[in-house]
Amino acid sequence: MNRQGTRLRIAVGVAAAGLAFAGLTALPANAAGDGLSVQYRTSATGASADQSEPWLKVTNTSGTSVPLSEVRLRYYFKADSPSTTYRFACSWAVKGCSNITGTFGTLASPTATADRYLEVGFTSGAGSLAPGADTGDMQLRFYRADWQTLKQSDDYSFGAAQTSYAGWGKVTATRAGALVWGTAPAGNEPGPGPTDPTDPPPNGAALFDDFNYSGHTDPKISEHGWNVRSNSGGPGVPGATWAPENVTFVNANGNSVMNLETSTAGTGASTKQTEVLTKALKFKNGTYAARVKFSDAPRSGPDGDRLVQTFFTINDLTAPMADDYAEYDFEYLPNGGWGEPSNILYTTSWETYRPDPWEAVNQHSEARQSYAGWHDLVATIDSSSITYYVDGQVFGTHGAAYLPERPMSINFNQWLIDLAGQTSTTPRAYDEQVDYVLHVKDQVLTPAQVAAKVAAFRSAGTTFQDTVPGS
């Protein structure tokens with residue numbers, strides 16, 4: 001794949017910028033020996049409700065003790081709309097609500113009854129289940145973030161008749177990443193994911209921004225260390241401009257999100273791209289996370305442009321093939337590009353490159369499917385590898401050869417590879433949205449811990465914090 005122009009333009013640009021089946025379902029044939037069963041009941045039986053109430057109970061049917069920190073449960077449901085967000089709560093639990101976590105994910109293969117899931121996990125404080133023991137009641141619930149009534153009659157895991165605990169195969173259970181109970185919606189079997197305990201993350205130096213700003217001229221943006229790019233240069237279409245006014249802040253289900261708009265009328269002069277990046281290069285090992293909404297179609301005008309929607313970290317190339325260069329990307333191409341005919345998501349870890357003649361040293365992972373909608377993106381960097389997660393699942397793991405030698409900036413941008421994908425001169429505009437960004441210095445967090453960290457900031461009313469020291 002020839003990505004010469006893309007990589008050169010990104011590096012130069014950033015440097016220039018300052019850088020009903022009801023009842024029990026049979027266990028999977030390969031899971032009988034793993035010894036867990038899940039019971040379910042609900043106390044909210046209506047087709048619509050103020051909140052969904054999946055009450056669960058897990059039983060150890062094996063002959064050995066099972067640490068609950070290895071166990072994860074998934075309840076599958078259909079979102080009321082692609083933009084609807086949800087909140088998890090625990091009303092009461094024998095094991096203690098403080099020892100139970102709940103995070104939401106998006107299914108890779110949506111069905112008529114499921115495109116999201118609630119994943120329930122346990123901290124080490126929940127202890128272990130002895131043979132024959134169960135967790136007791138876990139009275140869980142989730143609700144729309146805007147507190148509007150939700151529809152649950154079309155949810156895969158919902159059972160209106162389940163008013164007493166009984167085995168329920170429409171909730172899945174995994175142990176250490178292996179499926180041991182239940183049947184997921186077709187094509188969405190839980191795979192190996194992060195197996196670390198979901199204990200609340202430890203305190204430490206962190207950057208968190210909820211993007212609660214009035215507009216691109218809000219002085220707090222600069223005070224908080226961000227640059228809304230206006231200088232010329234790549235990546236993108238020659239002659240395009242980087243338009244600060246196209247970076248706006250909008251309300252989505254009661255929460256402020258950053259909107260990056262890229263627009264064009266089919267010429268370089270009419271093309272306006274957007275980029276927001278930290279002014280400081282001070283981020284290296286640790287955890288990077290953001291909740292990002294990708295778009296397959298323009299907000300207005302004809303579709304087809306070869307667009308790139310991103311979340312990445314990067315530093316400058318000091319010399320061709322310099323071994324202290326670093327870049328770690330989430331890049332979504334809704335209409336293809338770089339030789340790809342349709343939508344594809346890349347994660348790429350860069351060691352170095354030479355612009356002329358082109359030579360690159362990198363490793364990438366990819367998935368050729370639509371990622372339209374909100375997604376939780378997490379990348380972790382430790383002393384041995386880089387791991388990328390999408391919606392709580394491992395997307396790719398890259399080796400030690402690609403670890404960073406120098407600190408980097410954190411970036412979001414949206415730009416056009418070229419104008420060949422759509423040659424119309426009709427104006428069109430595309431949006432990429434960002435709910436929050438989080439970096440935790442020198443700590444590798446699981447996606448569940450990321451969610452807990454973000455929830456803690458929001459519960460405390462914290463919209464911005466940066467305790468990461470300068471490099």
# chains A, B, ... in the order shown; residues from 1 in each chain; ligands from 1
call {"tool": "select_by_dssp", "arguments": {"residues": "stretch 260-353 of chain A", "states": "strand (DSSP E or B)", "output": "number ranges by chain"}}
result
A: 260-264, 272-278, 283, 286-294, 300, 307-314, 327-333, 337, 340, 344-353
call {"tool": "residues_around", "arguments": {"residues": "A:Phe330", "least_positions_apart": "6", "cutoff": "8 Å", "atoms": "only C-alpha atoms", "output": "NGL selection string"}}
result
:A and (310-312 or 345-348 or 377)
call {"tool": "residues_around", "arguments": {"residues": "A:Val440", "least_positions_apart": "2", "cutoff": "12 Å", "atoms": "only C-alpha atoms", "output": "PyMOL selection string"}}
result
chain A and resi 201-208+282-290+378-382+437-438+442-446+449-450+453-454+465-469
call {"tool": "closest_atom_pairs", "arguments": {"of": "stretch 148-176 of chain A", "to": "stretch 63-83 of chain A", "cutoff": "7 Å", "atoms": "only C-alpha atoms", "output": "Markdown table"}}
result
| residue | atom | partner | partner_atom | distance |
| --- | --- | --- | --- | --- |
| A:Leu150 | CA | A:Asp80 | CA | 6.7 |
| A:Lys151 | CA | A:Asp80 | CA | 6.6 |
| A:Asp154 | CA | A:Lys78 | CA | 6.6 |
| A:Asp155 | CA | A:Phe77 | CA | 4.2 |
| A:Tyr156 | CA | A:Phe77 | CA | 5.4 |
| A:Ser157 | CA | A:Tyr76 | CA | 5.2 |
| A:Val171 | CA | A:Tyr75 | CA | 5.1 |
| A:Thr172 | CA | A:Arg74 | CA | 5.2 |
| A:Ala173 | CA | A:Leu73 | CA | 4.5 |
| A:Thr174 | CA | A:Arg72 | CA | 5.3 |
| A:Arg175 | CA | A:Val71 | CA | 4.6 |
| A:Ala176 | CA | A:Glu70 | CA | 5.0 |
call {"tool": "write_last_selection", "arguments": {"atoms": "N, CA, C and O atoms", "output": "CSV table (one decimal), in the first residue's frame"}}
result
chain,number,residue,atom,x,y,z
A,150,LEU,N,-36.7,4.9,27.0
A,150,LEU,CA,-36.1,4.1,26.1
A,150,LEU,C,-37.0,2.9,25.7
A,150,LEU,O,-37.8,2.5,26.4
A,151,LYS,N,-36.8,2.4,24.5
A,151,LYS,CA,-37.5,1.2,24.0
A,151,LYS,C,-36.6,0.0,24.2
A,151,LYS,O,-35.5,0.0,23.9
A,154,ASP,N,-37.4,-4.4,21.5
A,154,ASP,CA,-36.6,-4.9,20.4
A,154,ASP,C,-35.2,-5.2,20.8
A,154,ASP,O,-34.3,-5.4,19.9
A,155,ASP,N,-34.9,-5.3,22.1
A,155,ASP,CA,-33.5,-5.6,22.6
A,155,ASP,C,-33.3,-7.2,22.6
A,155,ASP,O,-34.1,-7.9,23.2
A,156,TYR,N,-32.2,-7.6,22.1
A,156,TYR,CA,-31.9,-9.0,22.0
A,156,TYR,C,-31.9,-9.7,23.3
A,156,TYR,O,-32.5,-10.8,23.5
A,157,SER,N,-31.4,-9.1,24.4
A,157,SER,CA,-31.3,-9.8,25.7
A,157,SER,C,-32.5,-9.6,26.6
A,157,SER,O,-32.5,-10.2,27.7
A,171,VAL,N,-27.7,-13.6,27.4
A,171,VAL,CA,-26.6,-12.9,28.1
A,171,VAL,C,-25.4,-13.8,28.0
A,171,VAL,O,-25.5,-15.0,28.3
A,172,THR,N,-24.2,-13.3,27.5
A,172,THR,CA,-23.0,-14.1,27.4
A,172,THR,C,-22.1,-13.9,28.6
A,172,THR,O,-22.1,-12.8,29.2
A,173,ALA,N,-21.3,-14.9,28.9
A,173,ALA,CA,-20.3,-14.8,29.9
A,173,ALA,C,-19.0,-15.2,29.3
A,173,ALA,O,-18.9,-16.3,28.6
A,174,THR,N,-17.9,-14.5,29.6
A,174,THR,CA,-16.6,-15.0,29.2
A,174,THR,C,-15.7,-15.1,30.5
A,174,THR,O,-15.9,-14.3,31.4
A,175,ARG,N,-14.8,-15.9,30.4
A,175,ARG,CA,-13.8,-16.0,31.5
A,175,ARG,C,-12.4,-15.9,30.9
A,175,ARG,O,-12.1,-16.7,30.0
A,176,ALA,N,-11.6,-15.0,31.3
A,176,ALA,CA,-10.3,-14.7,30.7
A,176,ALA,C,-10.4,-14.6,29.2
A,176,ALA,O,-9.5,-15.1,28.5
call {"tool": "atom_distance", "arguments": {"atom1": "atom CA of A:Leu118", "atom2": "atom CA of A:Tyr328"}}
result
28.3 Å
call {"tool": "residues_around", "arguments": {"residues": "A:Gln363", "least_positions_apart": "2", "cutoff": "7 Å", "atoms": "only C-alpha atoms", "output": "MDAnalysis selection string"}}
result
chainID A and resid 348:350 398
call {"tool": "write_last_selection", "arguments": {"atoms": "N, CA and C atoms", "output": "PDB file, in the first residue's frame"}}
result
ATOM      1  N   THR A 348      -1.996   2.286  13.189  1.00  0.00           N
ATOM      2  CA  THR A 348      -0.628   2.183  12.673  1.00  0.00           C
ATOM      3  C   THR A 348       0.359   2.710  13.703  1.00  0.00           C
ATOM      4  N   SER A 349       1.431   1.949  13.903  1.00  0.00           N
ATOM      5  CA  SER A 349       2.530   2.354  14.787  1.00  0.00           C
ATOM      6  C   SER A 349       3.762   2.579  13.914  1.00  0.00           C
ATOM      7  N   TRP A 350       4.352   3.752  14.056  1.00  0.00           N
ATOM      8  CA  TRP A 350       5.467   4.155  13.198  1.00  0.00           C
ATOM      9  C   TRP A 350       6.769   4.193  13.981  1.00  0.00           C
ATOM     10  N   HIS A 398       1.115  -4.170  18.479  1.00  0.00           N
ATOM     11  CA  HIS A 398       2.317  -3.957  17.695  1.00  0.00           C
ATOM     12  C   HIS A 398       3.542  -4.047  18.588  1.00  0.00           C
TER      13      HIS A 398
END
call {"tool": "select_by_dssp", "arguments": {"residues": "stretch 180-280 of chain A", "states": "helix (DSSP H, G or I)", "output": "ChimeraX atom specification"}}
result
/A:219-223,244-246
call {"tool": "write_last_selection", "arguments": {"atoms": "C-alpha atoms", "output": "PDB file, in the first residue's frame"}}
result
ATOM      1  CA  PRO A 219      -9.368  31.644  25.318  1.00  0.00           C
ATOM      2  CA  LYS A 220      -9.584  28.544  27.507  1.00  0.00           C
ATOM      3  CA  ILE A 221      -8.676  26.379  24.525  1.00  0.00           C
ATOM      4  CA  SER A 222      -5.217  27.895  24.334  1.00  0.00           C
ATOM      5  CA  GLU A 223      -4.933  28.141  28.121  1.00  0.00           C
ATOM      6  CA  PRO A 244     -10.329  27.262  12.806  1.00  0.00           C
ATOM      7  CA  GLU A 245     -13.907  28.502  12.370  1.00  0.00           C
ATOM      8  CA  ASN A 246     -14.914  24.976  11.310  1.00  0.00           C
TER       9      ASN A 246
END
call {"tool": "atom_distance", "arguments": {"atom1": "atom CA of A:Asn335", "atom2": "atom CA of A:Ala114"}}
result
25.0 Å
call {"tool": "closest_residue", "arguments": {"among": "A:Ala145, A:Leu36, A:Ala455, A:Leu56", "to": "A:Asn255", "atoms": "only C-alpha atoms"}}
result
A:Ala145
call {"tool": "residues_around", "arguments": {"residues": "A:Arg299", "least_positions_apart": "4", "cutoff": "8 Å", "atoms": "only C-alpha atoms", "output": "CSV table (one decimal) with C-alpha atoms, in the first residue's frame"}}
result
chain,number,residue,atom,x,y,z
A,428,ARG,CA,-20.5,19.2,0.8
A,429,ALA,CA,-19.4,19.0,4.4
A,430,TYR,CA,-18.4,16.1,6.7
A,431,ASP,CA,-18.3,16.0,10.5
call {"tool": "closest_residue", "arguments": {"among": "A:Glu359, A:Asp303, A:Asp134, A:Asp391", "to": "A:Gly373", "atoms": "only C-alpha atoms"}}
result
A:Asp391
call {"tool": "residues_around", "arguments": {"residues": "A:Ala108", "least_positions_apart": "2", "cutoff": "8 Å", "atoms": "only C-alpha atoms", "output": "PyMOL selection string"}}
result
chain A and resi 106+110+115+187-188
call {"tool": "closest_atom_pairs", "arguments": {"of": "stretch 105-178 of chain A", "to": "stretch 90-93 of chain A", "cutoff": "6 Å", "atoms": "only C-alpha atoms", "output": "tab-separated table"}}
result
residue	atom	partner	partner_atom	distance
A:Asp137	CA	A:Ala93	CA	5.5
A:Met138	CA	A:Ala93	CA	4.4
A:Gln139	CA	A:Trp92	CA	5.2
A:Leu140	CA	A:Cys90	CA	4.5
call {"tool": "write_last_selection", "arguments": {"atoms": "N, CA, C and O atoms", "output": "compact mmCIF listing (two decimals), in the first residue's frame"}}
result
# COMPACT_ATOMS: atom_id res chain seq x y z
N ASP A 137 -27.80 -11.49 44.09
CA ASP A 137 -28.40 -10.44 43.27
C ASP A 137 -27.38 -9.41 42.80
O ASP A 137 -26.54 -8.94 43.59
N MET A 138 -27.48 -9.03 41.53
CA MET A 138 -26.82 -7.84 41.01
C MET A 138 -27.94 -7.03 40.34
O MET A 138 -28.35 -7.33 39.22
N GLN A 139 -28.45 -6.05 41.04
CA GLN A 139 -29.58 -5.26 40.56
C GLN A 139 -29.04 -4.08 39.74
O GLN A 139 -28.75 -3.02 40.26
N LEU A 140 -28.90 -4.33 38.45
CA LEU A 140 -28.25 -3.39 37.54
C LEU A 140 -29.30 -2.66 36.71
O LEU A 140 -30.42 -3.13 36.54
call {"tool": "closest_residue", "arguments": {"among": "A:Arg306, A:Arg116, A:Arg41, A:Arg229", "to": "A:Leu260", "atoms": "only C-alpha atoms"}}
result
A:Arg229
call {"tool": "closest_residue", "arguments": {"among": "A:Lys293, A:His364, A:Arg141, A:Lys170", "to": "A:Thr84", "atoms": "only C-alpha atoms"}}
result
A:Lys293
call {"tool": "residues_around", "arguments": {"residues": "A:Val394", "least_positions_apart": "2", "cutoff": "12 Å", "atoms": "only C-alpha atoms", "output": "list in words"}}
result
Gly177, Pro190, Gly191, Pro192, Gly193, Pro194, Thr195, Thr347, Ser365, Glu366, Ala367, Asp376, Leu377, Val378, Ala379, Thr380, Ile386, Thr387, Tyr388, Tyr389, Val390, Asp391, Gly392, Gly396, Thr397, His398, Thr446 and Pro447 of chain A
